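**Student:** Take a look at this one; I'll ask things after.
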Amino acid sequence: MLSLIFPALSFGTFTFIFNLSYVILQVLILRKQFPKSQYLQLIVVPLAGVFIDLGTRLFGGINPSTYFGQFLMLLIGIAILSFGITIQIRANAITNPAEGIVKALSIKTGKEFGTLKSRFDIFLVVSAIAMSLIAFGISKVFVKGQY
């Protein structure tokens, strides 16, 4: 959404910026408790941004016109994302930055990770909707086919 508001910056660039800020916040929150191995997130963060932009360039032209085609693309995207997340979790090496910030908050506050993760995700969705409404207005945000 931010890349639509600021077209000079790509979706991958915004992903990089947000993920980098999450890693920095983890370090600031946990300080000496921040696991040294998690500094590897600093390698993964730019790679994720690059691969998001690469995927956008490779597959951005695919734009199914039917609801069935759009739904099928959604399912394919979910499957690919799920595969990547499964590999990351099974490797048990590097925490995703968005999960890491929630984990850091959970450690510091003593609150349950699942509860904080749900609240964090809801906050991100509500923020995106609010920014969309401010930038584009209600008619472009909630009316199908405006983009």
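Lettering and numbering for the structure tokens are positional, with chains as A, B, ... in the shown order, residues counted from 1 in each chain, and ligands counted from 1 in the shown order.
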Neighbours of stretch 4-13 of chain A within 6 Å (only C-alpha atoms; same-chain residues fewer than 2 positions away dropped), as a short mmCIF file (atom, residue, chain, number, x, y, z; two decimals) with N, CA and C atoms, in the first residue's frame?

**Tutor:**
```cif
data_model
loop_
_atom_site.label_atom_id
_atom_site.label_comp_id
_atom_site.auth_asym_id
_atom_site.auth_seq_id
_atom_site.Cartn_x
_atom_site.Cartn_y
_atom_site.Cartn_z
N MET A 1 0.82 -1.17 0.00
CA MET A 1 0.00 0.00 0.00
C MET A 1 0.87 1.25 0.00
N LEU A 2 1.93 1.24 0.80
CA LEU A 2 2.80 2.42 0.85
C LEU A 2 3.49 2.67 -0.50
N THR A 15 9.35 -3.26 2.55
CA THR A 15 9.53 -4.46 3.37
C THR A 15 10.88 -4.41 4.07
N PHE A 16 11.91 -4.03 3.33
CA PHE A 16 13.25 -3.89 3.90
C PHE A 16 13.25 -2.88 5.04
N GLY A 49 13.68 -8.23 0.71
CA GLY A 49 13.25 -7.09 -0.11
C GLY A 49 13.58 -7.28 -1.58
N ILE A 52 11.28 -10.00 -3.06
CA ILE A 52 9.91 -9.49 -3.24
C ILE A 52 9.84 -8.68 -4.53
N ASP A 53 10.81 -7.81 -4.73
CA ASP A 53 10.81 -7.00 -5.96
C ASP A 53 11.05 -7.86 -7.20
#
```

**Student:** Just give me the gap between atom CA of A:Asn63 and atom CA of A:Pro46 in Å, one decimal is fine.

**Tutor:** 26.8 Å

**Student:** Assign secondary structure with DSSP using the backbone only, and return the residues of stretch 27-136 of chain A in helix (DSSP H, G or I) as a PyMOL selection string.

**Tutor:** chain A and resi 27-33+36-59+67-91+97-109+113-136
